[in-house]
$ cat my_file.json   # JSON, C-alpha atoms
[["chain", "number", "residue", "atom", "x", "y", "z"],
["A", 9, "MET", "CA", -43.27, 14.58, 2.28],
["A", 10, "SER", "CA", -39.86, 13.15, 1.45],
["A", 11, "THR", "CA", -37.53, 12.15, 4.26],
["A", 12, "ALA", "CA", -34.45, 12.98, 2.17],
["A", 13, "THR", "CA", -31.95, 15.34, 3.78],
["A", 14, "PRO", "CA", -29.03, 17.33, 2.40],
["A", 15, "PRO", "CA", -25.77, 15.39, 2.11],
["A", 16, "ASP", "CA", -23.89, 17.62, 4.51],
["A", 17, "SER", "CA", -24.38, 19.79, 7.55],
["A", 18, "GLU", "CA", -24.14, 23.05, 5.63],
["A", 19, "LYS", "CA", -27.43, 24.47, 4.40],
["A", 20, "LYS", "CA", -27.04, 24.89, 0.64],
["A", 21, "ARG", "CA", -28.87, 27.64, -1.23],
["A", 22, "ILE", "CA", -30.61, 26.60, -4.45],
["A", 23, "ALA", "CA", -31.86, 29.12, -7.02],
["A", 24, "VAL", "CA", -34.93, 28.04, -9.01],
["A", 25, "LEU", "CA", -36.01, 29.55, -12.34],
["A", 26, "GLU", "CA", -39.65, 28.62, -13.05],
["A", 27, "ASP", "CA", -42.41, 30.77, -14.58],
["A", 28, "ASN", "CA", -45.30, 28.48, -13.62],
["A", 29, "LEU", "CA", -46.24, 29.77, -10.17],
["A", 30, "ALA", "CA", -47.77, 26.52, -8.94],
["A", 31, "GLN", "CA", -44.78, 24.50, -10.13],
["A", 32, "ALA", "CA", -42.36, 27.01, -8.62],
["A", 33, "GLU", "CA", -44.11, 26.81, -5.26],
["A", 34, "ALA", "CA", -44.09, 23.00, -5.32],
["A", 35, "VAL", "CA", -40.36, 22.86, -6.07],
["A", 36, "ARG", "CA", -39.67, 25.44, -3.37],
["A", 37, "ARG", "CA", -41.66, 23.45, -0.83],
["A", 38, "TRP", "CA", -39.95, 20.16, -1.72],
["A", 39, "LEU", "CA", -36.47, 21.65, -1.42],
["A", 40, "GLU", "CA", -37.19, 23.58, 1.77],
["A", 41, "ASN", "CA", -38.74, 20.51, 3.38],
["A", 42, "ALA", "CA", -35.51, 18.67, 2.56],
["A", 43, "GLY", "CA", -33.50, 21.31, 4.41],
["A", 44, "TYR", "CA", -32.30, 23.59, 1.63],
["A", 45, "ASP", "CA", -32.48, 27.37, 1.41],
["A", 46, "VAL", "CA", -34.38, 28.33, -1.76],
["A", 47, "ILE", "CA", -34.80, 31.45, -3.87],
["A", 48, "VAL", "CA", -37.20, 31.58, -6.83],
["A", 49, "GLU", "CA", -37.49, 33.86, -9.86],
["A", 50, "HIS", "CA", -39.97, 33.63, -12.72],
["A", 51, "ASP", "CA", -38.09, 35.17, -15.67],
["A", 52, "GLY", "CA", -34.54, 34.95, -17.00],
["A", 53, "PRO", "CA", -33.33, 38.55, -16.51],
["A", 54, "ALA", "CA", -34.60, 38.72, -12.91],
["A", 55, "PHE", "CA", -32.97, 35.36, -12.19],
["A", 56, "MET", "CA", -29.59, 36.51, -13.57],
["A", 57, "ALA", "CA", -29.76, 39.74, -11.57],
["A", 58, "ARG", "CA", -30.53, 37.77, -8.41],
["A", 59, "ILE", "CA", -27.70, 35.25, -8.70],
["A", 60, "ASP", "CA", -25.26, 38.01, -9.63],
["A", 61, "LYS", "CA", -26.06, 39.68, -6.32],
["A", 62, "GLU", "CA", -26.59, 36.73, -3.98],
["A", 63, "LYS", "CA", -24.56, 33.64, -3.10],
["A", 64, "VAL", "CA", -26.07, 30.42, -4.46],
["A", 65, "ASP", "CA", -24.79, 26.82, -4.51],
["A", 66, "MET", "CA", -26.96, 25.26, -7.22],
["A", 67, "LEU", "CA", -29.36, 26.18, -10.05],
["A", 68, "VAL", "CA", -32.59, 24.43, -11.11],
["A", 69, "LEU", "CA", -33.76, 25.86, -14.44],
["A", 70, "ASP", "CA", -36.93, 25.63, -16.49],
["A", 71, "TRP", "CA", -36.33, 25.96, -20.24],
["A", 72, "ASP", "CA", -39.24, 28.07, -21.49],
["A", 73, "VAL", "CA", -39.32, 31.22, -19.36],
["A", 74, "PRO", "CA", -39.89, 34.89, -20.30],
["A", 75, "GLY", "CA", -37.11, 37.29, -21.21],
["A", 76, "MET", "CA", -34.26, 34.80, -21.41],
["A", 77, "THR", "CA", -34.60, 31.04, -21.83],
["A", 78, "GLY", "CA", -33.23, 28.57, -19.34],
["A", 79, "ILE", "CA", -30.69, 27.47, -21.96],
["A", 80, "GLU", "CA", -29.51, 31.07, -22.38],
["A", 81, "VAL", "CA", -29.19, 31.41, -18.61],
["A", 82, "LEU", "CA", -27.29, 28.11, -18.50],
["A", 83, "ARG", "CA", -24.82, 29.19, -21.19],
["A", 84, "ASN", "CA", -24.37, 32.62, -19.61],
["A", 85, "VAL", "CA", -23.56, 31.07, -16.24],
["A", 86, "ARG", "CA", -21.19, 28.47, -17.69],
["A", 87, "ALA", "CA", -19.30, 31.23, -19.50],
["A", 88, "ARG", "CA", -18.31, 32.75, -16.15],
["A", 89, "VAL", "CA", -15.35, 31.11, -14.46],
["A", 90, "HIS", "CA", -16.64, 31.95, -10.97],
["A", 91, "PHE", "CA", -19.96, 30.17, -11.54],
["A", 92, "GLU", "CA", -18.73, 26.57, -11.31],
["A", 93, "ILE", "CA", -21.88, 25.22, -9.67],
["A", 94, "PRO", "CA", -24.26, 22.33, -10.35],
["A", 95, "ILE", "CA", -27.10, 23.05, -12.77],
["A", 96, "VAL", "CA", -30.16, 20.88, -13.37],
["A", 97, "LEU", "CA", -32.72, 21.49, -16.14],
["A", 98, "LEU", "CA", -36.33, 20.78, -15.12],
["A", 99, "THR", "CA", -38.50, 21.14, -18.21],
["A", 100, "GLN", "CA", -41.31, 19.76, -20.36],
["A", 101, "HIS", "CA", -38.88, 19.28, -23.25],
["A", 102, "ASP", "CA", -38.63, 15.50, -23.60],
["A", 103, "ASP", "CA", -37.27, 15.04, -27.11],
["A", 104, "GLU", "CA", -33.90, 13.27, -27.22],
["A", 105, "ARG", "CA", -32.41, 16.12, -29.25],
["A", 106, "ASP", "CA", -33.52, 18.64, -26.62],
["A", 107, "ILE", "CA", -32.05, 16.55, -23.81],
["A", 108, "LEU", "CA", -28.73, 16.28, -25.63],
["A", 109, "HIS", "CA", -28.83, 20.01, -26.40],
["A", 110, "GLY", "CA", -29.38, 20.83, -22.73],
["A", 111, "LEU", "CA", -26.53, 18.59, -21.59],
["A", 112, "ASP", "CA", -24.22, 19.89, -24.33],
["A", 113, "SER", "CA", -25.03, 23.45, -23.20],
["A", 114, "GLY", "CA", -23.62, 22.69, -19.76],
["A", 115, "ALA", "CA", -26.40, 21.13, -17.70],
["A", 116, "ASP", "CA", -25.28, 18.47, -15.23],
["A", 117, "ASP", "CA", -28.62, 16.69, -15.33],
["A", 118, "PHE", "CA", -31.96, 16.86, -17.17],
["A", 119, "LEU", "CA", -35.35, 16.12, -15.59],
["A", 120, "VAL", "CA", -38.55, 15.97, -17.62],
["A", 121, "LYS", "CA", -41.76, 17.33, -16.10],
["A", 122, "PRO", "CA", -43.73, 16.16, -14.30],
["A", 123, "ALA", "CA", -40.89, 15.07, -12.02],
["A", 124, "SER", "CA", -41.65, 13.59, -8.63],
["A", 125, "GLU", "CA", -40.43, 15.09, -5.39],
["A", 126, "ARG", "CA", -38.33, 12.00, -4.65],
["A", 127, "MET", "CA", -36.65, 12.06, -8.07],
["A", 128, "LEU", "CA", -35.88, 15.78, -7.96],
["A", 129, "LEU", "CA", -34.34, 15.54, -4.49],
["A", 130, "ALA", "CA", -32.27, 12.50, -5.48],
["A", 131, "ARG", "CA", -30.83, 14.35, -8.48],
["A", 132, "VAL", "CA", -30.18, 17.50, -6.44],
["A", 133, "MET", "CA", -28.37, 15.59, -3.72],
["A", 134, "ALA", "CA", -26.27, 13.67, -6.25],
["A", 135, "GLN", "CA", -25.03, 16.90, -7.87],
["A", 136, "LEU", "CA", -24.31, 18.57, -4.53],
["A", 137, "ARG", "CA", -22.24, 15.57, -3.45],
["A", 138, "LYS", "CA", -20.30, 15.73, -6.71],
["A", 139, "TYR", "CA", -19.60, 19.47, -6.60],
["A", 140, "TYR", "CA", -19.01, 19.86, -2.87],
["A", 141, "PRO", "CA", -17.20, 16.70, -1.68],
["A", 142, "GLU", "CA", -15.31, 18.69, 0.93],
["A", 143, "ALA", "CA", -18.61, 19.44, 2.65],
["A", 144, "GLN", "CA", -18.91, 15.76, 3.51],
["A", 145, "LYS", "CA", -15.93, 15.99, 5.84],
["A", 146, "LYS", "CA", -15.30, 17.75, 9.11],
["A", 147, "ARG", "CA", -13.63, 21.03, 8.18],
["A", 148, "GLN", "CA", -10.91, 22.48, 10.34],
["A", 149, "ILE", "CA", -8.39, 25.25, 9.92],
["A", 150, "GLU", "CA", -5.16, 25.40, 11.89],
["A", 151, "PHE", "CA", -3.19, 28.64, 11.98],
["A", 152, "ASP", "CA", -0.64, 30.02, 14.43],
["A", 153, "GLY", "CA", -1.82, 27.85, 17.32],
["A", 154, "TYR", "CA", -5.54, 28.28, 16.59],
["A", 155, "VAL", "CA", -7.81, 25.44, 15.46],
["A", 156, "LEU", "CA", -11.24, 26.37, 14.08],
["A", 157, "ASP", "CA", -13.74, 23.52, 13.75],
["A", 158, "GLU", "CA", -16.47, 24.51, 11.30],
["A", 159, "THR", "CA", -18.77, 21.62, 12.16],
["A", 160, "ALA", "CA", -18.93, 22.42, 15.88],
["A", 161, "ARG", "CA", -18.35, 26.18, 15.46],
["A", 162, "VAL", "CA", -15.67, 25.92, 18.15],
["A", 163, "ALA", "CA", -12.29, 27.66, 18.16],
["A", 164, "THR", "CA", -9.44, 26.16, 20.16],
["A", 165, "LEU", "CA", -7.03, 28.91, 21.25],
["A", 166, "PRO", "CA", -3.24, 28.59, 21.48],
["A", 167, "ASP", "CA", -3.46, 28.34, 25.28],
["A", 168, "GLY", "CA", -5.80, 25.34, 24.98],
["A", 169, "GLY", "CA", -8.96, 27.20, 25.83],
["A", 170, "GLN", "CA", -12.04, 26.72, 23.68],
["A", 171, "GLN", "CA", -14.55, 29.27, 22.50],
["A", 172, "GLU", "CA", -17.89, 28.47, 20.88],
["A", 173, "LEU", "CA", -19.01, 31.30, 18.61],
["A", 174, "PRO", "CA", -22.46, 32.22, 17.27],
["A", 175, "GLU", "CA", -23.04, 31.39, 13.60],
["A", 176, "ARG", "CA", -22.13, 34.74, 12.03],
["A", 177, "GLU", "CA", -19.14, 35.45, 14.25],
["A", 178, "PHE", "CA", -17.76, 31.99, 13.49],
["A", 179, "ALA", "CA", -18.38, 32.40, 9.74],
["A", 180, "ILE", "CA", -16.41, 35.67, 9.75],
["A", 181, "GLY", "CA", -13.57, 34.21, 11.80],
["A", 182, "PHE", "CA", -13.40, 31.05, 9.70],
["A", 183, "TYR", "CA", -13.31, 33.08, 6.47],
["A", 184, "LEU", "CA", -10.55, 35.37, 7.74],
["A", 185, "PHE", "CA", -8.46, 32.44, 9.00],
["A", 186, "SER", "CA", -8.99, 30.74, 5.63],
["A", 187, "HIS", "CA", -7.47, 33.83, 3.98],
["A", 188, "ALA", "CA", -4.87, 34.66, 6.66],
["A", 189, "GLY", "CA", -2.40, 37.30, 5.52],
["A", 190, "ARG", "CA", -4.58, 38.44, 2.64],
["A", 191, "VAL", "CA", -6.93, 41.38, 2.40],
["A", 192, "VAL", "CA", -10.56, 40.25, 2.33],
["A", 193, "SER", "CA", -12.98, 42.77, 0.86],
["A", 194, "ARG", "CA", -16.02, 43.88, 2.81],
["A", 195, "ASP", "CA", -18.20, 42.78, -0.11],
["A", 196, "ALA", "CA", -16.74, 39.26, 0.03],
["A", 197, "LEU", "CA", -17.42, 39.03, 3.76],
["A", 198, "LEU", "CA", -20.93, 40.41, 3.41],
["A", 199, "LYS", "CA", -21.79, 37.95, 0.65],
["A", 200, "HIS", "CA", -20.22, 35.05, 2.55],
["A", 201, "VAL", "CA", -22.02, 35.75, 5.83],
["A", 202, "TRP", "CA", -25.27, 37.50, 4.84],
["A", 203, "GLY", "CA", -25.65, 36.00, 1.35],
["A", 204, "GLU", "CA", -25.72, 39.38, -0.39],
["A", 205, "VAL", "CA", -23.83, 42.65, -0.66],
["A", 206, "ASP", "CA", -25.76, 45.34, 1.19],
["A", 207, "GLU", "CA", -23.95, 48.57, 2.04],
["A", 208, "ALA", "CA", -26.36, 49.10, 4.93],
["A", 209, "GLN", "CA", -24.68, 46.14, 6.65],
["A", 210, "VAL", "CA", -21.15, 47.62, 6.60],
["A", 211, "GLY", "CA", -21.50, 49.05, 10.12],
["A", 212, "THR", "CA", -22.96, 45.78, 11.36],
["A", 213, "LEU", "CA", -20.00, 43.91, 9.86],
["A", 214, "ALA", "CA", -17.59, 46.15, 11.78],
["A", 215, "THR", "CA", -19.41, 45.30, 15.00],
["A", 216, "TYR", "CA", -19.15, 41.58, 14.29],
["A", 217, "ILE", "CA", -15.42, 41.94, 13.51],
["A", 218, "THR", "CA", -14.93, 43.45, 16.98],
["A", 219, "ARG", "CA", -16.82, 40.54, 18.54],
["A", 220, "VAL", "CA", -14.57, 38.07, 16.73],
["A", 221, "ARG", "CA", -11.43, 39.89, 17.92],
["A", 222, "ASN", "CA", -12.62, 39.78, 21.51],
["A", 223, "ALA", "CA", -14.00, 36.22, 21.50],
["A", 224, "LEU", "CA", -10.78, 34.76, 20.06],
["A", 225, "ARG", "CA", -8.52, 36.98, 22.18],
["A", 226, "LEU", "CA", -6.38, 37.61, 19.12],
["A", 227, "ARG", "CA", -4.11, 40.32, 20.52],
["A", 228, "GLN", "CA", -3.35, 38.20, 23.58],
["A", 229, "HIS", "CA", -1.98, 35.55, 21.22],
["A", 230, "GLY", "CA", -0.09, 37.81, 18.84],
["A", 231, "LEU", "CA", -2.68, 38.16, 16.07],
["A", 232, "LYS", "CA", -4.95, 40.98, 14.97],
["A", 233, "ILE", "CA", -7.62, 41.79, 12.42],
["A", 234, "SER", "CA", -6.60, 45.00, 10.69],
["A", 235, "SER", "CA", -9.00, 47.31, 8.89],
["A", 236, "VAL", "CA", -7.59, 48.14, 5.44],
["A", 237, "TYR", "CA", -8.86, 51.55, 4.32],
["A", 238, "ARG", "CA", -11.47, 51.33, 1.55],
["A", 239, "ARG", "CA", -10.69, 47.66, 0.97],
["A", 240, "GLY", "CA", -11.69, 45.44, 3.85],
["A", 241, "TYR", "CA", -9.94, 43.42, 6.57],
["A", 242, "ARG", "CA", -6.81, 41.33, 7.00],
["A", 243, "LEU", "CA", -5.95, 38.76, 9.68]]

$ encode --input "my_file.json" --output "structure tokens"
Amino acid sequence: MSTATPPDSEKKRIAVLEDNLAQAEAVRRWLENAGYDVIVEHDGPAFMARIDKEKVDMLVLDWDVPGMTGIEVLRNVRARVHFEIPIVLLTQHDDERDILHGLDSGADDFLVKPASERMLLARVMAQLRKYYPEAQKKRQIEFDGYVLDETARVATLPDGGQQELPEREFAIGFYLFSHAGRVVSRDALLKHVWGEVDEAQVGTLATYITRVRNALRLRQHGLKISSVYRRGYRL
């Protein structure tokens, strides 16, 4: 087992496209042992449907998979402005022309099978560091007397008091403070906090919003989270 760990304190989610079940399970195990959250699909269309619905931070793609090749998935993702994420090809293709084709199609890196656990994790960590440099630093937001420290999940209130929030409450508060004054859609909050858009969670989200209001004593300090009809919430 590798002793490598993710380059930052945030648990990144990596989506793996691999049709060989044994290989897919090995890659999943390596990445999870290194501290990453992993989702796996075995064909191109199912993979595209999954990443369209769920939040992911990185893609690891096999080339020869059913329904839609890894190269087609790669090009499709790169064509979307909102999918600026690291992508590594992990494939049996070892010809120089194939490697250049994969890189020219938008891959950040190219690994030829069989790749070792240590090599895969080193390449994954290198791309995550490149794409998410801000995750290396302690993240804080200051707004209207509040200071929210993402690393410690602690909010310092305008009166100097401090409040440590559970993971989901803090994620909601941090997201709203990051977008203060703007309407944040319910779908955006659901995907940010739960990793997917599930209408069954709308009521749960409302409950968490109330907890955030109370924990941060917003009204006492002149702030509020407003519910915007059919749209979402605004701090």

$ axis_aligned_box --input "my_file.json" --around "stretch 92-96 of chain A" --padding-each-side "8 Å" --output "AutoDock Vina command-line options"
--center_x -24.4 --center_y 23.7 --center_z -11.5 --size_x 27.4 --size_y 21.7 --size_z 19.7

$ residues_around --input "my_file.json" --residues "A:Leu97" --least-positions-apart "6" --cutoff "10 Å" --atoms "all atoms listed in the file" --output "mmCIF file with C-alpha atoms, keeping the file's coordinate frame"
data_model
loop_
_atom_site.group_PDB
_atom_site.id
_atom_site.type_symbol
_atom_site.label_atom_id
_atom_site.label_comp_id
_atom_site.auth_asym_id
_atom_site.auth_seq_id
_atom_site.Cartn_x
_atom_site.Cartn_y
_atom_site.Cartn_z
ATOM 1 C CA VAL A 24 -34.930 28.040 -9.010
ATOM 2 C CA LEU A 25 -36.010 29.550 -12.340
ATOM 3 C CA LEU A 67 -29.360 26.180 -10.050
ATOM 4 C CA VAL A 68 -32.590 24.430 -11.110
ATOM 5 C CA LEU A 69 -33.760 25.860 -14.440
ATOM 6 C CA ASP A 70 -36.930 25.630 -16.490
ATOM 7 C CA TRP A 71 -36.330 25.960 -20.240
ATOM 8 C CA GLY A 78 -33.230 28.570 -19.340
ATOM 9 C CA ILE A 79 -30.690 27.470 -21.960
ATOM 10 C CA LEU A 82 -27.290 28.110 -18.500
ATOM 11 C CA ILE A 107 -32.050 16.550 -23.810
ATOM 12 C CA GLY A 110 -29.380 20.830 -22.730
ATOM 13 C CA LEU A 111 -26.530 18.590 -21.590
ATOM 14 C CA GLY A 114 -23.620 22.690 -19.760
ATOM 15 C CA ALA A 115 -26.400 21.130 -17.700
ATOM 16 C CA ASP A 116 -25.280 18.470 -15.230
ATOM 17 C CA ASP A 117 -28.620 16.690 -15.330
ATOM 18 C CA PHE A 118 -31.960 16.860 -17.170
ATOM 19 C CA LEU A 119 -35.350 16.120 -15.590
ATOM 20 C CA VAL A 120 -38.550 15.970 -17.620
ATOM 21 C CA LYS A 121 -41.760 17.330 -16.100
#

$ residues_around --input "my_file.json" --residues "stretch 162-169 of chain A" --least-positions-apart "2" --cutoff "12 Å" --atoms "all atoms listed in the file" --output "compact mmCIF listing (two decimals) with C-alpha atoms, in the frame of the given file"
# COMPACT_ATOMS: atom_id res chain seq x y z
CA ARG A 147 -13.63 21.03 8.18
CA GLN A 148 -10.91 22.48 10.34
CA ILE A 149 -8.39 25.25 9.92
CA GLU A 150 -5.16 25.40 11.89
CA PHE A 151 -3.19 28.64 11.98
CA ASP A 152 -0.64 30.02 14.43
CA GLY A 153 -1.82 27.85 17.32
CA TYR A 154 -5.54 28.28 16.59
CA VAL A 155 -7.81 25.44 15.46
CA LEU A 156 -11.24 26.37 14.08
CA ASP A 157 -13.74 23.52 13.75
CA GLU A 158 -16.47 24.51 11.30
CA THR A 159 -18.77 21.62 12.16
CA ALA A 160 -18.93 22.42 15.88
CA GLN A 171 -14.55 29.27 22.50
CA GLU A 172 -17.89 28.47 20.88
CA LEU A 173 -19.01 31.30 18.61
CA PRO A 174 -22.46 32.22 17.27
CA GLU A 175 -23.04 31.39 13.60
CA GLU A 177 -19.14 35.45 14.25
CA PHE A 178 -17.76 31.99 13.49
CA ALA A 179 -18.38 32.40 9.74
CA GLY A 181 -13.57 34.21 11.80
CA PHE A 182 -13.40 31.05 9.70
CA PHE A 185 -8.46 32.44 9.00
CA VAL A 220 -14.57 38.07 16.73
CA ALA A 223 -14.00 36.22 21.50
CA LEU A 224 -10.78 34.76 20.06
CA ARG A 225 -8.52 36.98 22.18
CA LEU A 226 -6.38 37.61 19.12
CA ARG A 227 -4.11 40.32 20.52
CA GLN A 228 -3.35 38.20 23.58
CA HIS A 229 -1.98 35.55 21.22
CA GLY A 230 -0.09 37.81 18.84
CA LEU A 231 -2.68 38.16 16.07

$ closest_residue --input "my_file.json" --among "A:Ala42, A:Ala30, A:Val73, A:Ala214" --to "A:Arg126" --atoms "all atoms listed in the file"
A:Ala42

$ closest_residue --input "my_file.json" --among "A:Asp103, A:Ile95, A:Glu204, A:Glu26" --to "A:Arg131" --atoms "all atoms listed in the file"
A:Ile95

$ atom_distance --input "my_file.json" --atom1 "atom CA of A:Arg83" --atom2 "atom CA of A:Pro53"
13.5 Å

$ atom_distance --input "my_file.json" --atom1 "atom CA of A:Asp102" --atom2 "atom CA of A:Glu40"
26.7 Å

$ closest_residue --input "my_file.json" --among "A:Ala87, A:Val236, A:Met56, A:Leu29" --to "A:Arg194" --atoms "all atoms listed in the file"
A:Val236

$ atom_distance --input "my_file.json" --atom1 "atom CA of A:Val85" --atom2 "atom CA of A:Ala134"
20.2 Å

$ residues_around --input "my_file.json" --residues "A:Met66" --least-positions-apart "6" --cutoff "7 Å" --atoms "only C-alpha atoms" --output "list in words"
Arg21, Ile22, Ala23, Ile93, Pro94 and Ile95 of chain A

$ closest_residue --input "my_file.json" --among "A:Thr99, A:Ser235, A:Leu39, A:Ala34" --to "A:Met133" --atoms "all atoms listed in the file"
A:Leu39

$ closest_residue --input "my_file.json" --among "A:Asp106, A:Asp72, A:Asp45, A:Asp51" --to "A:Lys19" --atoms "only C-alpha atoms"
A:Asp45

$ closest_residue --input "my_file.json" --among "A:Asn41, A:Ile233, A:Lys61, A:Leu129" --to "A:Ala196" --atoms "only C-alpha atoms"
A:Lys61

$ build_atoms --input "my_file.json" --residues "stretch 156-177 of chain A" --atoms "N, CA and C atoms" --output "compact mmCIF listing (two decimals), in the coordinates of the input"
# COMPACT_ATOMS: atom_id res chain seq x y z
N LEU A 156 -9.81 26.03 14.23
CA LEU A 156 -11.24 26.37 14.08
C LEU A 156 -11.96 25.19 13.46
N ASP A 157 -12.95 24.68 14.17
CA ASP A 157 -13.74 23.52 13.75
C ASP A 157 -15.08 24.03 13.23
N GLU A 158 -15.27 23.94 11.91
CA GLU A 158 -16.47 24.51 11.30
C GLU A 158 -17.72 23.73 11.67
N THR A 159 -17.59 22.43 11.84
CA THR A 159 -18.77 21.62 12.16
C THR A 159 -19.35 21.98 13.52
N ALA A 160 -18.47 22.12 14.52
CA ALA A 160 -18.93 22.42 15.88
C ALA A 160 -19.00 23.91 16.17
N ARG A 161 -18.46 24.73 15.27
CA ARG A 161 -18.35 26.18 15.46
C ARG A 161 -17.59 26.50 16.76
N VAL A 162 -16.50 25.75 16.97
CA VAL A 162 -15.67 25.92 18.15
C VAL A 162 -14.26 26.29 17.72
N ALA A 163 -13.68 27.28 18.39
CA ALA A 163 -12.29 27.66 18.16
C ALA A 163 -11.46 27.25 19.38
N THR A 164 -10.39 26.50 19.11
CA THR A 164 -9.44 26.16 20.16
C THR A 164 -8.30 27.17 20.09
N LEU A 165 -8.03 27.85 21.20
CA LEU A 165 -7.03 28.91 21.25
C LEU A 165 -5.65 28.33 21.52
N PRO A 166 -4.60 29.09 21.25
CA PRO A 166 -3.24 28.59 21.48
C PRO A 166 -2.96 28.16 22.92
N ASP A 167 -3.69 28.73 23.88
CA ASP A 167 -3.46 28.34 25.28
C ASP A 167 -4.30 27.12 25.68
N GLY A 168 -5.00 26.53 24.72
CA GLY A 168 -5.80 25.34 24.98
C GLY A 168 -7.25 25.61 25.31
N GLY A 169 -7.58 26.86 25.56
CA GLY A 169 -8.96 27.20 25.83
C GLY A 169 -9.82 27.07 24.59
N GLN A 170 -11.11 26.86 24.79
CA GLN A 170 -12.04 26.72 23.68
C GLN A 170 -13.12 27.78 23.76
N GLN A 171 -13.53 28.23 22.58
CA GLN A 171 -14.55 29.27 22.50
C GLN A 171 -15.56 28.90 21.43
N GLU A 172 -16.82 28.72 21.85
CA GLU A 172 -17.89 28.47 20.88
C GLU A 172 -18.47 29.81 20.44
N LEU A 173 -18.54 30.03 19.14
CA LEU A 173 -19.01 31.30 18.61
C LEU A 173 -20.38 31.16 17.96
N PRO A 174 -21.20 32.22 18.02
CA PRO A 174 -22.46 32.22 17.27
C PRO A 174 -22.18 32.08 15.77
N GLU A 175 -23.20 31.74 15.01
CA GLU A 175 -23.04 31.39 13.60
C GLU A 175 -22.31 32.46 12.79
N ARG A 176 -22.73 33.71 12.87
CA ARG A 176 -22.13 34.74 12.03
C ARG A 176 -20.71 35.09 12.46
N GLU A 177 -20.48 35.17 13.77
CA GLU A 177 -19.14 35.45 14.25
C GLU A 177 -18.18 34.35 13.80
